[in-house]
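So the structure is just underneath, and the comments pick up after that.
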Amino acid sequence: MSADAHLSTRLIHHPYRPPEGFEAVAPGVHKASTVIFPDVQALHTRDWKDKSGYTYGLHGTPTTFTLEERIATLEGGQHCMLVPSGLAGISLVDMALLKQGDEVLLPDNVYGPSKHFAQVELAHWGIGHRFYDPMDPADLAAQLTPATRLVWLEAAGSVTLEFPDLPALTAVIRAANAGRERPIVTALDNTWGAGVAFSPFDLGVDVSMQALTKYPSGGADVLMGSVVTRDEALHRQILLTRMRLGLGVGANDVELVLRGLPSIAVRYAAQDAVTRELARWMVGQPGVVRVLHPALPDSPGHAAWLRDATGAACLFSAVFDERRTPAQIDAFCDSLRLFRPGWSWAGPISLCAPYQVAGMRPASRWPYRGTLVRFAIGLEAVEDLRADLAQGLATLAAA
């Protein structure tokens with residue numbers, strides 16, 4: 001570049017390059033839409049799909065590749081791709097693996113937005129859906145049809161926290177795939193397990209999706225999701241759909257997840273321990289008819305959880321006496337001082353949210369008529385959270 005070039009040109013094309021060899025605890029944050037190639041031949045020949053080089057910011061930078069490799073390790077997979085949210089991960093898997101005339105099966109306790117995506121968007125595209133009882137492998141087998149191409153799993157179930165027998169469910173699909181030209185794929189929403197409580201691929205699933213919004217981030221300040229596989233062909237199929245949809249994540253968001261990831265095991269264990277203590281304490285409290293948490297011996301799926309998992313995340317749910325009106329339960333939630341009404345979980349602040357579960361089950365009967373409240377335990381001291389629940393229950397009893 002000529003020394004007499006304009007100042008702005010000299011600043012943009014400045015020749016200085018920092019020396020190599022810098023290393024720190026935090027990975028570097030690389031922000032790019034445009035990626036510069038060394039020459040036109042590289043522009044024409046470099047392949048983005050195998051992470052051997054960089055072509056465009058949407059396809060990956062050193063920052064996104066670093067997080068993808070770490071999430072793949074966390075989940076016990078081989079290939080990972082990042083998406084803008086957990087729900088984006090669910091919809092990406094649906095769109096990559098299903099076509100007109102196909103059918104997806106969803107557990108009856110499925111995450112609500114996943115159900116709505118099937119009922120609205122997938123239905124508009126001529127893709128059918130069915131619901132099965134996740135606690136009954138025989139019911140899953142009975143719901144399969146020649147059109148079934150994808151089965152979603154959740155462990156534990158959204159809101160009601162039943163823990164299914166994942167090996168039994170995936171065994172049903174393996175048996176059904178014998179002789180199928182297009183095998184059925186199993187996909188697990190592993191947000192609850194987070195790669196910490198159990199290894200999803202060791203339990204037989206093909207795809208593991210999780211909302212990195214939750215435990216991998218831990219700060220309640222970023223939205224992101226991941227889709228992990230072990231099979232190269234399956235990964236490539238989903239990856240190409242992600243490319244065509246233009247799904248990407250921002251480097252600053254990736255930085256936040258990378259910052260939270262090293263402490264995930266410590267945070268998971270701490271929140272799990274407090275959650276178990278509070279769930280046990282809540283059992284038998286006046287006005288509470290059932291507490292749902294996989295570590296409780298009478299919670300649905302406890303035996304499968306005990307066999308397959310080493311942790312139990314930060315959620316528990318309490319079903320209140322049906323004589324308490326929804327308005328009274330709303331007032332109970334509002335009376336809590338540390339638990340705040342809000343969606344999501346695995347952040348530092350404890351949350352609560354009431355649900356009317358009976359209207360959420362399209363394929364099975366919910367046995368309780370009272371309002372359910374899901375509690376998400378943050379990082380506050382257990383004695384303070386217990387005192388807050390006690391004063392809230394006292395307020396409810398006096399209502």
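Residue numbers start at 1 in each chain; chains themselves are named A, B, ... in the order of the structure tokens; ligands are numbered from 1 in the order shown.
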
Report task. Using backbone DSSP assignments, extract all strand (DSSP E or B) residues from segment 76-310 of chain A; output them as a PyMOL selection string. Result -> chain A and resi 79-83+103-107+128-132+148-154+185-189+207-211+225-229+288-292

Report task. Extract, using only C-alpha atoms, all DNA, RNA and protein residues at most 7 Å from Thr148 of chain A, discarding same-chain residues fewer than 6 positions from it, and format them as a count of residues only. Result -> 4

Query - Selected residue, from A:Pro15, A:Gly77, A:Gly311, A:Pro348, that lies nearest to Arg276 of chain A when counting only C-alpha atoms - result: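 Using only C-alpha atoms, the shortest distance to Arg276 of chain A belongs to A:Gly311.
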
**Report entry** DSSP-assigned helix (DSSP H, G or I) members of segment 48-161 of chain A, reported as a PyMOL selection string
**Finding:** chain A and resi 57-59+62-75+86-97+112-124+137-143

How would the residues just picked look written out with C-alpha atoms as a compact mmCIF listing (two decimals), in the first residue's frame?
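Full text of result22.txt as output:
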```txt
# COMPACT_ATOMS: atom_id res chain seq x y z
CA GLY A 57 -19.34 -15.59 9.59
CA LEU A 58 -22.67 -17.41 9.46
CA HIS A 59 -20.85 -20.72 8.92
CA PRO A 62 -12.84 -19.72 15.76
CA THR A 63 -15.16 -18.62 18.58
CA THR A 64 -18.22 -20.58 17.45
CA PHE A 65 -16.15 -23.62 16.49
CA THR A 66 -14.63 -23.63 19.99
CA LEU A 67 -18.03 -23.66 21.68
CA GLU A 68 -19.38 -26.30 19.30
CA GLU A 69 -16.50 -28.63 20.08
CA ARG A 70 -16.92 -28.14 23.82
CA ILE A 71 -20.68 -28.77 23.68
CA ALA A 72 -20.07 -31.92 21.63
CA THR A 73 -17.72 -33.11 24.38
CA LEU A 74 -20.24 -32.17 27.08
CA GLU A 75 -22.95 -34.26 25.41
CA GLY A 86 -33.44 -24.04 22.16
CA LEU A 87 -36.70 -23.72 20.25
CA ALA A 88 -34.70 -22.93 17.11
CA GLY A 89 -32.90 -26.23 17.68
CA ILE A 90 -36.21 -28.10 17.91
CA SER A 91 -37.63 -26.51 14.77
CA LEU A 92 -34.34 -27.03 12.89
CA VAL A 93 -34.40 -30.78 13.61
CA ASP A 94 -38.06 -30.95 12.55
CA MET A 95 -37.46 -29.12 9.29
CA ALA A 96 -34.28 -31.00 8.45
CA LEU A 97 -35.72 -34.48 8.97
CA GLY A 112 -45.27 -26.47 24.89
CA PRO A 113 -43.68 -24.52 22.02
CA SER A 114 -42.49 -27.79 20.46
CA LYS A 115 -46.08 -29.03 20.49
CA HIS A 116 -47.33 -25.78 19.00
CA PHE A 117 -44.72 -25.89 16.23
CA ALA A 118 -46.01 -29.32 15.22
CA GLN A 119 -49.66 -28.29 15.48
CA VAL A 120 -49.29 -25.12 13.41
CA GLU A 121 -46.18 -24.83 11.22
CA LEU A 122 -45.64 -28.53 10.53
CA ALA A 123 -49.35 -29.02 9.90
CA HIS A 124 -49.29 -26.17 7.36
CA PRO A 137 -42.98 -47.88 25.72
CA ALA A 138 -45.86 -50.07 24.51
CA ASP A 139 -47.90 -46.95 23.78
CA LEU A 140 -45.03 -45.51 21.76
CA ALA A 141 -44.89 -48.73 19.73
CA ALA A 142 -48.65 -48.56 19.17
CA GLN A 143 -48.49 -44.97 17.89
```

Which residues of segment 191-241 of chain A have any atom within 12 Å of an atom in segment 362-378 of chain A when counting only C-alpha atoms, and what is the closest pair of atoms for each, with the distance in Å to one decimal? Order the rows by chain and rising number and write it as a tab-separated table.
```
residue	atom	partner	partner_atom	distance
A:Trp192	CA	A:Ala376	CA	11.4
A:Lys214	CA	A:Ala376	CA	11.1
A:Tyr215	CA	A:Gly378	CA	11.0
A:Gly218	CA	A:Gly378	CA	9.5
A:Gly219	CA	A:Gly378	CA	10.2
A:Ala220	CA	A:Gly378	CA	10.4
```

Query - Given only C-alpha atoms as the counted atoms, nearest of A:Leu166, A:Arg324, A:Leu393, A:Asn177 to Arg307 of chain A - result: A:Leu166

Query - Proximity to Gln78 of chain A - best of A:Val29, A:Ala273, A:Val207, A:Ala318, only C-alpha atoms - result: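 Under the stated criterion, the closest residue is A:Val207.
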
Query raised in the report: Separation of atom CA of Ala295 of chain A and atom CA of Arg340 of chain A, in Å?
Result: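 So the answer is 24.2 Å.
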
Query raised in the report: With only C-alpha atoms as the atoms that count, which of A:Ala251, A:Met282, A:Leu351, A:Leu7 lies nearest to Pro27 of chain A?
Result: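 Of A:Ala251, A:Met282, A:Leu351, A:Leu7, the one nearest Pro27 of chain A, counting only C-alpha atoms, is A:Ala251.
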
Query raised in the report: Which polymer residues have any atom within 9 Å of an atom of Gly250 of chain A, counting only C-alpha atoms, with same-chain residues fewer than 2 positions away left out, as an NGL selection string?
Result: :A and (31 or 64 or 84 or 248 or 252-255)

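Excluding segment 10-13 of chain A and any residue on its chain fewer than 4 positions from it, the residues at most 8 Å away by only C-alpha atoms are A:Met1, A:Ala5, A:His6.
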
Query raised in the report: So, counting only C-alpha atoms, which residue among A:Ala32, A:Ile173, A:Leu153, A:Leu203 is closest to Asn190 of chain A?
Result: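 Nearest candidate to Asn190 of chain A out of A:Ala32, A:Ile173, A:Leu153, A:Leu203: A:Leu153.
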
Requested in this report: Have a look at A:Leu258, A:Arg361, A:Leu245, A:Pro134 and name the one nearest to Gly28 of chain A; count only C-alpha atoms.
Outcome: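 Counting only C-alpha atoms, the residue closest to Gly28 of chain A is A:Leu258.
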
Could you name the residues that touch Met209 of chain A at 7 Å or less, counting only C-alpha atoms, but leaving out those on the same chain fewer than 3 positions away, as a compact mmCIF listing (two decimals) with C-alpha atoms, in the first residue's frame?
```txt
# COMPACT_ATOMS: atom_id res chain seq x y z
CA GLY A 89 -32.90 -26.23 17.68
CA LEU A 188 -33.96 -35.81 22.80
CA ASP A 189 -34.57 -32.41 24.35
CA ASN A 190 -31.66 -32.70 26.77
CA SER A 226 -27.29 -26.63 20.19
CA VAL A 227 -27.90 -29.76 18.14
CA VAL A 228 -25.45 -32.62 18.69
```

Report task. Write out as a list of chain:residue names the residues lying within 10 Å of Gly157 of chain A, counting only C-alpha atoms and excluding same-chain residues fewer than 4 positions away. Result ->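 Surrounding residues, per the criterion: A:Pro107, A:Asp108, A:Asn109, A:Val110, A:Tyr111, A:Pro134, A:Met135, A:Leu153, A:Leu161, A:Glu162, A:Phe163, A:Pro164, A:Asp189, A:Trp192.
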